[in-house]
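Student: Got a structure for you, entry_4.txt, holding compact mmCIF, C-alpha atoms (C1' of nucleotides).
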# COMPACT_ATOMS: atom_id res chain seq x y z
CA MET A 354 262.07 58.91 87.10
CA TYR A 355 264.70 61.17 85.59
CA GLU A 356 262.03 63.31 83.93
CA VAL A 357 262.73 66.44 85.95
CA TYR A 358 266.46 65.89 85.75
CA PHE A 359 266.55 65.72 81.97
CA GLU A 360 264.03 68.47 81.59
CA ASN A 361 266.37 70.66 83.60
CA PHE A 362 269.41 69.41 81.71
CA ASN A 363 267.90 69.94 78.26
CA GLN A 364 266.80 73.40 79.22
CA LYS A 365 270.40 74.33 79.97
CA VAL A 366 272.11 72.10 77.39
CA PRO A 367 270.01 70.32 74.77
CA LEU A 368 270.85 66.62 74.46
CA THR A 369 270.31 64.07 71.73
CA ASP A 370 268.51 60.88 72.68
CA SER A 371 271.72 58.88 72.63
CA GLU A 372 273.55 61.40 74.82
CA GLN A 373 270.65 61.26 77.19
CA ALA A 374 270.77 57.48 77.29
CA GLN A 375 274.50 57.56 77.88
CA ILE A 376 274.16 59.96 80.77
CA LYS A 377 271.26 58.03 82.21
CA SER A 378 273.45 54.94 82.47
CA PHE A 379 275.56 56.74 85.05
CA LEU A 380 272.69 57.84 87.24
CA SER A 381 270.78 56.10 89.95
CA VAL A 382 267.59 56.76 91.82
CA LYS A 383 266.87 56.92 95.51
CA LYS A 384 263.74 57.44 97.53
CA LEU A 385 263.86 59.07 100.91
CA ARG A 386 261.05 59.15 103.42
CA LYS A 387 260.37 62.29 105.41
CA LYS A 388 263.05 62.84 108.08
CA GLN A 389 265.45 60.34 106.52
CA TYR A 390 269.02 61.44 106.05
CA LEU A 391 270.85 61.58 102.77
CA LEU A 392 274.04 62.67 104.52
CA GLN A 393 275.16 63.06 108.11
CA GLU A 394 277.86 65.34 109.39
CA GLY A 395 281.12 63.43 109.66
CA ASP A 396 280.35 61.03 106.83
CA VAL A 397 281.85 61.57 103.43
CA CYS A 398 279.42 62.92 100.85
CA LYS A 399 279.26 60.22 98.18
CA SER A 400 276.91 61.81 95.72
CA ILE A 401 275.25 64.86 94.31
CA ALA A 402 271.50 64.64 94.65
CA PHE A 403 269.04 66.11 92.20
CA VAL A 404 265.53 66.46 93.58
CA GLU A 405 262.85 64.96 91.35
CA LYS A 406 260.16 65.21 93.98
CA GLY A 407 259.95 66.43 97.57
CA ILE A 408 262.11 68.82 99.58
CA LEU A 409 265.50 68.37 101.16
CA ARG A 410 267.43 70.65 103.38
CA ALA A 411 271.15 70.97 104.14
CA TYR A 412 272.00 72.28 107.58
CA ALA A 413 274.93 72.72 109.92
CA ILE A 414 274.93 72.50 113.70
CA ASN A 415 277.15 74.90 115.62
CA GLU A 416 278.92 74.44 118.96
CA THR A 417 275.88 75.59 120.91
CA GLY A 418 273.72 72.97 119.20
CA THR A 419 271.74 75.35 117.02
CA GLU A 420 270.75 74.17 113.56
CA HIS A 421 271.42 76.53 110.68
CA ILE A 422 269.85 75.71 107.37
CA ILE A 423 272.28 76.37 104.54
CA GLN A 424 270.03 75.44 101.68
CA PHE A 425 266.64 74.09 100.77
CA ALA A 426 266.32 71.93 97.68
CA LEU A 427 262.98 71.70 95.92
CA GLU A 428 262.11 69.83 92.75
CA GLY A 429 264.66 70.75 90.10
CA TRP A 430 267.35 71.72 92.59
CA THR A 431 270.58 70.01 93.40
CA VAL A 432 271.99 69.45 96.85
CA SER A 433 275.14 68.00 98.38
CA ASP A 434 278.03 68.88 100.62
CA LEU A 435 280.11 69.85 97.61
CA TYR A 436 283.31 70.36 99.54
CA SER A 437 283.11 66.90 101.04
CA PHE A 438 282.05 65.41 97.72
CA LEU A 439 284.99 66.88 95.86
CA THR A 440 287.72 66.45 98.45
CA GLY A 441 286.64 63.29 100.27
CA GLU A 442 286.84 65.14 103.60
CA GLN A 443 284.20 64.67 106.27
CA ALA A 444 280.96 66.48 105.63
CA THR A 445 280.12 69.49 107.78
CA TYR A 446 276.49 69.50 106.72
CA ASN A 447 273.56 67.23 107.37
CA ILE A 448 271.08 66.66 104.57
CA ASP A 449 267.63 65.23 105.19
CA ALA A 450 264.20 65.10 103.64
CA LEU A 451 261.43 67.44 104.77
CA GLU A 452 258.93 65.51 102.65
CA ASN A 453 259.05 62.08 101.09
CA ALA A 454 261.42 62.55 98.20
CA GLU A 455 262.66 61.04 94.98
CA LEU A 456 266.23 61.77 94.01
CA VAL A 457 268.55 61.27 91.11
CA LEU A 458 272.00 60.50 92.47
CA ILE A 459 275.30 61.13 90.73
CA SER A 460 278.14 59.28 92.43
CA LYS A 461 281.66 60.60 92.51
CA THR A 462 282.90 58.14 89.90
CA ALA A 463 279.86 58.77 87.71
CA HIS A 464 280.52 62.50 87.99
CA GLU A 465 284.15 62.11 87.00
CA GLU A 466 283.40 59.76 84.14
CA LEU A 467 280.71 62.05 82.83
CA LEU A 468 283.05 65.03 82.95
CA GLN A 469 285.59 63.03 80.94
CA GLN A 470 283.25 61.44 78.45
CA VAL A 471 280.43 63.88 77.89
CA PRO A 472 281.40 67.48 77.16
CA LYS A 473 277.82 68.60 77.54
CA TYR A 474 277.82 67.29 81.08
CA GLU A 475 280.66 69.61 81.93
CA THR A 476 278.76 72.47 80.35
CA TYR A 477 275.70 71.58 82.39
CA ILE A 478 277.69 71.50 85.59
CA ARG A 479 279.40 74.78 84.75
CA LEU A 480 276.07 76.49 84.17
CA GLN A 481 274.61 74.98 87.27
CA MET A 482 277.52 76.15 89.40
CA THR A 483 277.40 79.59 87.87
CA ASN A 484 273.72 79.97 88.62
CA ALA A 485 274.17 78.66 92.13
CA TYR A 486 277.00 81.10 92.70
CA ILE A 487 275.00 84.07 91.46
CA ALA A 488 272.00 83.10 93.57
CA LEU A 489 274.16 82.70 96.65
CA GLN A 490 275.81 86.06 96.07
CA LYS A 491 272.41 87.69 95.91
CA ARG A 492 271.37 85.97 99.09
CA LEU A 493 274.50 87.13 100.85
CA ALA A 494 274.06 90.69 99.59
CA SER A 495 270.51 90.79 100.86
CA THR A 496 271.63 89.36 104.20
CA VAL A 497 274.05 92.18 104.88
CA SER A 498 272.23 95.09 103.32
CA LEU A 499 268.50 94.72 103.85
CA SER A 500 266.12 94.90 106.78
CA LEU A 501 264.57 91.67 107.97
CA GLU A 502 261.19 92.73 106.64
CA GLU A 503 262.57 93.23 103.17
CA ARG A 504 264.54 90.02 103.31
CA TYR A 505 261.45 88.08 104.27
CA LYS A 506 259.38 89.73 101.57
CA ILE A 507 262.00 88.93 98.96
CA PHE A 508 262.24 85.39 100.23
CA THR A 509 258.51 84.78 100.01
CA ALA A 510 258.39 86.36 96.56
CA THR A 511 261.34 84.31 95.34
CA TYR A 512 260.32 80.95 96.81
CA PRO A 513 256.55 80.98 97.34
CA ASP A 514 256.53 77.15 97.35
CA LEU A 515 258.82 76.98 100.33
CA ILE A 516 256.52 79.12 102.46
CA GLN A 517 253.73 76.68 101.75
CA ARG A 518 255.67 73.53 102.37
CA VAL A 519 258.26 74.28 105.05
CA PRO A 520 257.58 75.09 108.73
CA GLN A 521 258.29 78.67 109.72
CA HIS A 522 260.97 77.90 112.22
CA MET A 523 263.01 76.42 109.38
CA ILE A 524 262.60 79.55 107.33
CA ALA A 525 263.83 81.41 110.40
CA SER A 526 266.82 79.10 110.63
CA TYR A 527 267.57 79.67 106.95
CA MET A 528 267.42 83.42 107.48
CA GLY A 529 269.64 83.23 110.53
CA LEU A 530 267.13 84.37 113.13
CA THR A 531 264.93 82.93 115.85
CA PRO A 532 261.39 81.63 115.26
CA GLU A 533 260.06 84.29 117.63
CA THR A 534 261.64 87.07 115.62
CA LEU A 535 260.29 85.73 112.35
CA SER A 536 256.83 85.49 113.87
CA ARG A 537 257.03 89.14 114.92
CA ILE A 538 258.29 90.20 111.51
CA ARG A 539 255.35 88.48 109.88
CA ARG A 540 253.00 90.30 112.20
CA ARG A 541 254.64 93.64 111.43
CA ILE A 542 254.25 92.99 107.71
CA THR A 543 250.59 92.03 107.90
CA GLU A 544 249.77 94.92 110.24
CA ASN A 545 251.40 97.61 108.09
CA LYS A 546 249.02 96.50 105.34
CA MET B 824 301.73 90.32 82.34
CA TYR B 825 299.57 87.22 82.33
CA GLU B 826 302.03 85.40 84.61
CA VAL B 827 299.69 85.11 87.56
CA TYR B 828 296.77 84.27 85.31
CA PHE B 829 298.47 81.35 83.64
CA GLU B 830 300.06 80.20 86.84
CA ASN B 831 296.58 79.97 88.30
CA PHE B 832 295.21 78.36 85.15
CA ASN B 833 297.95 75.73 84.90
CA GLN B 834 297.52 74.89 88.54
CA LYS B 835 293.89 74.03 87.91
CA VAL B 836 294.21 72.74 84.33
CA PRO B 837 297.68 72.20 82.84
CA LEU B 838 298.09 73.76 79.41
CA THR B 839 300.47 73.13 76.54
CA ASP B 840 302.39 76.12 75.21
CA SER B 841 300.24 76.32 72.13
CA GLU B 842 297.03 76.18 74.13
CA GLN B 843 298.40 78.91 76.31
CA ALA B 844 299.25 81.05 73.29
CA GLN B 845 295.79 80.47 71.87
CA ILE B 846 294.12 81.55 75.06
CA LYS B 847 296.41 84.53 75.45
CA SER B 848 295.26 85.84 72.07
CA PHE B 849 291.80 86.35 73.55
CA LEU B 850 292.92 88.24 76.61
CA SER B 851 293.75 91.85 77.20
CA VAL B 852 295.41 93.81 79.93
CA LYS B 853 294.26 96.82 81.87
CA LYS B 854 295.85 98.98 84.52
CA LEU B 855 293.76 100.72 87.10
CA ARG B 856 294.94 103.40 89.47
CA LYS B 857 293.76 103.43 93.04
CA LYS B 858 290.13 104.55 93.29
CA GLN B 859 289.48 104.07 89.59
CA TYR B 860 286.38 102.15 88.62
CA LEU B 861 286.30 98.99 86.58
CA LEU B 862 282.52 98.95 86.67
CA GLN B 863 279.82 101.29 87.87
CA GLU B 864 276.33 100.36 88.94
CA GLY B 865 273.96 100.76 86.01
CA ASP B 866 276.55 100.02 83.34
CA VAL B 867 276.71 96.61 81.74
CA CYS B 868 279.59 94.47 82.91
CA LYS B 869 281.67 93.87 79.80
CA SER B 870 284.39 91.68 81.16
CA ILE B 871 285.63 89.32 83.82
CA ALA B 872 288.72 90.71 85.51
CA PHE B 873 291.54 88.58 86.84
CA VAL B 874 293.78 90.43 89.30
CA GLU B 875 297.48 90.16 88.48
CA LYS B 876 298.46 92.81 90.97
CA GLY B 877 296.65 95.05 93.45
CA ILE B 878 293.28 94.77 95.11
CA LEU B 879 289.78 95.39 93.82
CA ARG B 880 286.51 95.39 95.60
CA ALA B 881 282.94 94.83 94.45
CA TYR B 882 280.28 96.63 96.43
CA ALA B 883 276.62 97.47 96.36
CA ILE B 884 274.93 100.60 97.65
CA ASN B 885 271.53 100.22 99.27
CA GLU B 886 268.62 102.67 99.42
CA THR B 887 269.98 104.38 102.51
CA GLY B 888 273.28 105.03 100.76
CA THR B 889 275.34 102.52 102.70
CA GLU B 890 278.09 100.67 100.86
CA HIS B 891 278.23 96.92 101.29
CA ILE B 892 281.31 95.15 100.07
CA ILE B 893 280.37 91.92 98.36
CA GLN B 894 283.85 90.73 97.54
CA PHE B 895 287.50 91.64 97.69
CA ALA B 896 289.76 90.44 94.89
CA LEU B 897 293.46 90.06 95.57
CA GLU B 898 296.16 88.80 93.22
CA GLY B 899 294.99 85.52 91.74
CA TRP B 900 291.31 86.26 92.26
CA THR B 901 288.66 87.00 89.71
CA VAL B 902 286.01 89.68 89.97
CA SER B 903 283.03 90.85 87.98
CA ASP B 904 279.30 91.37 88.21
CA LEU B 905 278.67 87.92 86.81
CA TYR B 906 274.95 88.34 86.50
CA SER B 907 275.33 91.48 84.45
CA PHE B 908 278.16 89.94 82.44
CA LEU B 909 276.14 86.88 81.51
CA THR B 910 272.75 88.45 80.94
CA GLY B 911 273.67 91.91 79.66
CA GLU B 912 271.46 93.49 82.32
CA GLN B 913 272.58 96.56 84.23
CA ALA B 914 275.14 95.92 86.92
CA THR B 915 274.07 96.20 90.55
CA TYR B 916 277.64 96.30 91.82
CA ASN B 917 280.40 98.83 91.63
CA ILE B 918 283.94 97.57 91.23
CA ASP B 919 286.95 99.75 91.92
CA ALA B 920 290.63 99.48 92.81
CA LEU B 921 291.83 99.84 96.40
CA GLU B 922 295.43 99.86 95.19
CA ASN B 923 296.96 100.47 91.78
CA ALA B 924 296.15 97.29 89.93
CA GLU B 925 296.99 95.24 86.87
CA LEU B 926 294.22 93.16 85.42
CA VAL B 927 293.73 90.51 82.79
CA LEU B 928 290.39 91.10 81.12
CA ILE B 929 288.23 88.51 79.40
CA SER B 930 285.52 90.13 77.31
CA LYS B 931 282.16 88.53 76.75
CA THR B 932 282.97 87.50 73.18
CA ALA B 933 286.38 86.21 74.23
CA HIS B 934 284.72 84.22 76.99
CA GLU B 935 282.21 82.69 74.62
CA GLU B 936 284.79 81.90 71.97
CA LEU B 937 287.07 80.31 74.51
CA LEU B 938 284.24 78.16 75.85
CA GLN B 939 283.56 76.99 72.29
CA GLN B 940 287.09 76.50 71.11
CA VAL B 941 289.11 75.46 74.15
CA PRO B 942 287.67 72.65 76.27
CA LYS B 943 290.23 73.28 78.98
CA TYR B 944 288.94 76.82 79.34
CA GLU B 945 285.53 75.48 80.20
CA THR B 946 287.12 73.14 82.73
CA TYR B 947 289.00 76.06 84.24
CA ILE B 948 285.85 78.11 84.54
CA ARG B 949 283.95 75.21 86.01
CA LEU B 950 286.58 74.68 88.68
CA GLN B 951 286.78 78.38 89.39
CA MET B 952 283.02 78.65 89.80
CA THR B 953 282.93 75.57 91.98
CA ASN B 954 285.59 76.92 94.30
CA ALA B 955 283.94 80.31 94.42
CA TYR B 956 280.63 78.69 95.29
CA ILE B 957 282.10 76.61 98.08
CA ALA B 958 283.93 79.60 99.53
CA LEU B 959 280.77 81.68 99.42
CA GLN B 960 278.77 78.96 101.10
CA LYS B 961 281.29 78.83 103.91
CA ARG B 962 281.13 82.57 104.29
CA LEU B 963 277.37 82.50 104.46
CA ALA B 964 277.39 79.67 106.99
CA SER B 965 279.77 81.59 109.22
CA THR B 966 277.64 84.72 108.87
CA VAL B 967 274.53 83.07 110.26
CA SER B 968 276.03 80.73 112.79
CA LEU B 969 279.04 82.35 114.45
CA SER B 970 279.63 85.21 116.85
CA LEU B 971 281.22 88.35 115.45
CA GLU B 972 284.43 87.61 117.34
CA GLU B 973 284.74 84.21 115.76
CA ARG B 974 283.87 85.53 112.35
CA TYR B 975 286.55 88.17 112.60
CA LYS B 976 289.12 85.67 113.82
CA ILE B 977 288.34 83.32 110.95
CA PHE B 978 288.49 86.20 108.52
CA THR B 979 291.90 87.34 109.67
CA ALA B 980 293.19 83.77 109.63
CA THR B 981 291.80 83.13 106.16
CA TYR B 982 292.86 86.40 104.54
CA PRO B 983 295.82 87.80 106.50
CA ASP B 984 296.83 89.90 103.47
CA LEU B 985 293.56 91.77 103.44
CA ILE B 986 293.95 92.89 107.04
CA GLN B 987 297.29 94.41 106.11
CA ARG B 988 296.19 96.10 102.95
CA VAL B 989 292.57 97.13 103.41
CA PRO B 990 291.21 99.77 105.82
CA GLN B 991 289.20 98.41 108.70
CA HIS B 992 286.00 100.14 107.83
CA MET B 993 285.97 98.16 104.59
CA ILE B 994 286.42 94.92 106.46
CA ALA B 995 283.47 96.04 108.57
CA SER B 996 281.45 96.69 105.44
CA TYR B 997 282.37 93.25 104.10
CA MET B 998 281.25 91.66 107.35
CA GLY B 999 278.02 93.61 107.36
CA LEU B 1000 278.62 95.75 110.44
CA THR B 1001 279.62 99.28 111.38
CA PRO B 1002 283.24 100.42 111.75
CA GLU B 1003 282.57 101.22 115.40
CA THR B 1004 281.40 97.71 116.10
CA LEU B 1005 284.41 96.18 114.41
CA SER B 1006 286.69 98.43 116.40
CA ARG B 1007 285.08 97.25 119.64
CA ILE B 1008 285.29 93.62 118.57
CA ARG B 1009 289.01 94.03 117.95
CA ARG B 1010 289.43 95.51 121.37
CA ARG B 1011 287.51 92.66 122.99
CA ILE B 1012 289.73 90.17 121.20
CA THR B 1013 293.01 91.82 122.21
CA GLU B 1014 291.84 92.35 125.79
CA ASN B 1015 290.74 88.76 126.36
CA LYS B 1016 294.35 87.71 125.62
C1' DC C 1122 303.22 120.58 108.09
C1' DG C 1123 298.40 120.85 107.47
C1' DA C 1124 294.41 118.47 105.76
C1' DT C 1125 291.90 114.48 105.36
C1' DT C 1126 290.86 109.90 106.42
C1' DT C 1127 290.61 106.33 109.63
C1' DT C 1128 290.05 104.45 114.12
C1' DT C 1129 288.62 104.71 118.74
C1' DT C 1130 285.65 105.93 122.59
C1' DG C 1131 281.33 107.22 125.03
C1' DA C 1132 276.34 107.59 125.76
C1' DA C 1133 271.75 106.87 124.21
C1' DT C 1134 268.77 104.20 121.38
C1' DC C 1135 267.01 100.44 118.82
C1' DA C 1136 266.52 95.68 117.35
C1' DT C 1137 266.91 90.99 118.16
C1' DA C 1138 267.63 87.17 121.39
C1' DT C 1139 266.25 84.82 125.32
C1' DC C 1140 263.20 82.75 128.50
C1' DA C 1141 258.73 81.50 129.77
C1' DA C 1142 253.99 80.71 129.01
C1' DC C 1143 250.08 79.77 126.23
C1' DG C 1144 247.12 78.32 122.33
C1' DT C 1145 246.67 75.52 118.42
C1' DA C 1146 247.18 71.94 115.14
C1' DC C 1147 248.63 67.34 114.13
C1' DG C 1148 249.18 62.51 114.05
C1' DT C 1149 249.57 58.35 116.76
C1' DG C 1150 248.22 54.79 119.61
C1' DG C 1151 244.52 53.15 122.33
C1' DC D 173 237.32 57.85 116.26
C1' DC D 174 238.81 60.04 120.21
C1' DA D 175 242.31 61.57 123.53
C1' DC D 176 246.67 62.53 124.42
C1' DG D 177 251.21 63.97 123.57
C1' DT D 178 254.25 66.38 120.68
C1' DA D 179 255.30 69.99 117.24
C1' DC D 180 254.64 74.57 116.05
C1' DG D 181 253.49 79.36 116.27
C1' DT D 182 252.51 83.41 118.98
C1' DT D 183 252.94 86.69 122.67
C1' DG D 184 255.01 89.20 126.63
C1' DA D 185 258.83 90.78 129.63
C1' DT D 186 263.50 91.30 130.01
C1' DA D 187 268.33 91.11 128.66
C1' DT D 188 271.86 91.54 125.40
C1' DG D 189 274.33 93.33 121.74
C1' DA D 190 274.80 96.27 117.79
C1' DT D 191 273.79 100.82 115.86
C1' DT D 192 273.74 105.63 115.90
C1' DC D 193 275.48 110.08 116.74
C1' DA D 194 279.03 112.92 118.39
C1' DA D 195 283.63 113.83 119.32
C1' DA D 196 288.40 113.07 119.94
C1' DA D 197 292.64 110.65 118.91
C1' DA D 198 295.59 108.55 115.62
C1' DA D 199 297.32 107.62 111.17
C1' DT D 200 298.05 108.77 106.35
C1' DC D 201 298.68 111.70 102.34
C1' DG D 202 299.98 115.49 99.58
So, in terms of structure tokens, how does the structure I just supplied come out?

Tutor:
Amino acid sequence: MYEVYFENFNQKVPLTDSEQAQIKSFLSVKKLRKKQYLLQEGDVCKSIAFVEKGILRAYAINETGTEHIIQFALEGWTVSDLYSFLTGEQATYNIDALENAELVLISKTAHEELLQQVPKYETYIRLQMTNAYIALQKRLASTVSLSLEERYKIFTATYPDLIQRVPQHMIASYMGLTPETLSRIRRRITENK
Amino acid sequence: MYEVYFENFNQKVPLTDSEQAQIKSFLSVKKLRKKQYLLQEGDVCKSIAFVEKGILRAYAINETGTEHIIQFALEGWTVSDLYSFLTGEQATYNIDALENAELVLISKTAHEELLQQVPKYETYIRLQMTNAYIALQKRLASTVSLSLEERYKIFTATYPDLIQRVPQHMIASYMGLTPETLSRIRRRITENK
DNA sequence: CGATTTTTTGAATCATATCAACGTACGTGG
DNA sequence: CCACGTACGTTGATATGATTCAAAAAATCG
């Protein structure tokens, strides 16, 4: 418990043992079985979840009932409906587990207290947000400017774990295309060497 | 000078006069004429630019020579190639002015000093990054899950200024489609009431 | 005013979605 | 442990929607 979280934290912002203990006192742990929800659309997002083990996904459902995966979260990643978490508005995303998972949860009050009391926590969050922003910008840029083949190649190169552990139709959903199309893209790639 | 910047700053994190003066000492000002570059692909991004006046755009050019606009920055917005700024790697984006512009620049050393010396600066940056991330996530979600008509409607509702001040083919580039397609979408929208 | 840029329109082409069917793997209950 | 039902991935035929290329119309700039 907490190992991956603090490994990640220390990598970004080194902590003393006492700082670590202080932070730990604000955190809690949650286990989720495959297919269980962490958050459902319409509820208010009460916590940020850090994935110690397993995979989660955040997805939205549009008017026509199609699921669109916004984000996967593997070990070492953080997931939440940030907008709902920060504003208290209803969540627009669903978050559930694709594998049995172990999470570190930071509640809203814990988050606020930590920001007040532990400067390094704010630094950690700032760095985390910055990295997430840069990654998302890259994803968006590749969405508008690259062919599907290239996008899929980049995806597999960037997240080889996900290909192993997540069904293809979810990768398709994440990329914004149908399972059939992804299947054909994969065939095109393997055929052309 | 600096009015919009500190208005924006104080709105997120209220500053005392002396804090404001301290921060101001790290900032500089730059004017850009229409079509001038703030950053060119391949250079290292030396500063974060806050737009006091005018409009900038960040765009990438792909192998086939097509421009893809990653971001517009109006008054009150911030623009840079963050990845290049933070890592010192070559920039992958170009940034130029669509109108004569006045900018507040934060250099890399200023940014680092401010993070060290002024806790409220870190808070400001954290909030800015968080908002930028949420906005980008919304944009991505609408890209994969909505029809072009809906996306364009949302865009015009969200950024009415941009429609007034930016040529349509750039909106098309931002949305990841051709000028012809955007033109036809606009016609469809006006025709169907 | 003339030159250039921007937007619109049309026709042909290309890529992806859709719908339907089939094969396969998986895990669940009998 | 097997058989069955459900999930998942693939394939084919067709439909839909966006792109491309070309050209003209409209708007903007010097």

Student: Taking a cut-off of 10 Å and counting all atoms listed in the file, can you build a table that, for each residue of chain C near chain A, reports the nearest atom pair and how far apart they are in Å (one decimal), sorted by chain then residue number, as JSON lines?

Tutor:
{"residue": "C:DT1137", "atom": "C1'", "partner": "A:Thr534", "partner_atom": "CA", "distance": 7.0}
{"residue": "C:DA1138", "atom": "C1'", "partner": "A:Thr531", "partner_atom": "CA", "distance": 7.5}
{"residue": "C:DT1139", "atom": "C1'", "partner": "A:Thr531", "partner_atom": "CA", "distance": 9.7}

Student: Go ahead and save the residues from that selection, with C-alpha atoms (C1' of nucleotides), as a PDB file, keeping the file's coordinate frame.

Tutor:
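Saved to result14.pdb:
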ATOM      1  C1'  DT C1137     266.910  90.990 118.160  1.00  0.00           C
ATOM      2  C1'  DA C1138     267.630  87.170 121.390  1.00  0.00           C
ATOM      3  C1'  DT C1139     266.250  84.820 125.320  1.00  0.00           C
TER       4       DT C1139
END

Student: Can you measure CA of Arg988 in chain B to CA of Ile871 in chain B for me? One decimal in Å is fine.

Tutor: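 One can read the CA of Arg988 in chain B to CA of Ile871 in chain B distance as 22.9 Å.
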
Student: Would you tabulate, counting all atoms listed in the file, all residues of chain A that have an atom at most 9 Å from an atom of chain D, showing the closest pair of atoms and their distance in Å to one decimal, sorted by chain then ascending number, as a tab-separated table?

Tutor:
residue	atom	partner	partner_atom	distance
A:Pro520	CA	D:DC180	C1'	7.9
A:Gln521	CA	D:DG181	C1'	8.1
A:His522	CA	D:DC180	C1'	8.1
A:Pro532	CA	D:DG181	C1'	8.3
A:Glu533	CA	D:DT182	C1'	7.7
A:Ser536	CA	D:DT182	C1'	7.0
A:Arg537	CA	D:DT182	C1'	8.4

Student: I want to know what sits within 7 Å of Tyr828 in chain B, based on only C-alpha atoms (C1' of nucleotides), with residues of the same chain fewer than 2 positions away left out; could you give that as a ChimeraX atom specification?

Tutor: /B:825-826,830-832,873,875,899

Student: Output the contact residues of chain B with respect to chain A at a cut-off of 9 Å, based on all atoms listed in the file, as a ChimeraX atom specification.

Tutor: /B:883-885,889-893,905-906,942,945-946,948-950,952-957,959-960,962-964,966-969,996-1000

Student: How big is the axis-aligned box, and where does its centre sit, when it encloses all atoms of range 1144-1150 of chain C listed in the file and has 4 Å added on every side, reported in Å to one decimal as JSON?

Tutor:
{"center_x": 248.1, "center_y": 66.6, "center_z": 118.2, "size_x": 10.9, "size_y": 31.5, "size_z": 16.3}

Student: Can you work out the spacing between CA of Phe908 in chain B and CA of His934 in chain B in Å, to one decimal?

Tutor: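 Taking CA of Phe908 in chain B and CA of His934 in chain B, their separation equals 10.3 Å.
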
Student: In terms of the shortest atom-to-atom distance over all atoms listed in the file, which of B:Ser930, B:Leu971, B:Arg1011, B:Lys853 is closest to Ala995 in chain B?

Tutor: B:Leu971

Student: Work out how far CA of Ile986 in chain B is from CA of Glu1014 in chain B, in Å to one decimal.

Tutor: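 Result for CA of Glu1014 in chain B versus CA of Ile986 in chain B: 18.9 Å, one decimal.
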
Student: Show which residues sit within 6 Å of range 914-916 of chain B, as a list in words. Count only C-alpha atoms (C1' of nucleotides), and ignore same-chain residues fewer than 6 positions away.

Tutor: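 Selected residues are Glu864, Gly865, Asp866, Val867, Tyr882, Ala883 and Ser907 of chain B.
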
Student: With C-alpha atoms retained, export the selected residues as a short mmCIF file (atom, residue, chain, number, x, y, z; two decimals), in the coordinates of the input.

Tutor:
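Contents of again_28.cif, as written:
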data_model
loop_
_atom_site.label_atom_id
_atom_site.label_comp_id
_atom_site.auth_asym_id
_atom_site.auth_seq_id
_atom_site.Cartn_x
_atom_site.Cartn_y
_atom_site.Cartn_z
CA GLU B 864 276.33 100.36 88.94
CA GLY B 865 273.96 100.76 86.01
CA ASP B 866 276.55 100.02 83.34
CA VAL B 867 276.71 96.61 81.74
CA TYR B 882 280.28 96.63 96.43
CA ALA B 883 276.62 97.47 96.36
CA SER B 907 275.33 91.48 84.45
#

Student: Restricting the calculation to all atoms listed in the file, which member of A:Leu535, A:Phe508, A:Val382, A:Leu409 is positioned closest to Leu456 in chain A?

Tutor: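 Nearest candidate to Leu456 in chain A out of A:Leu535, A:Phe508, A:Val382, A:Leu409: A:Val382.
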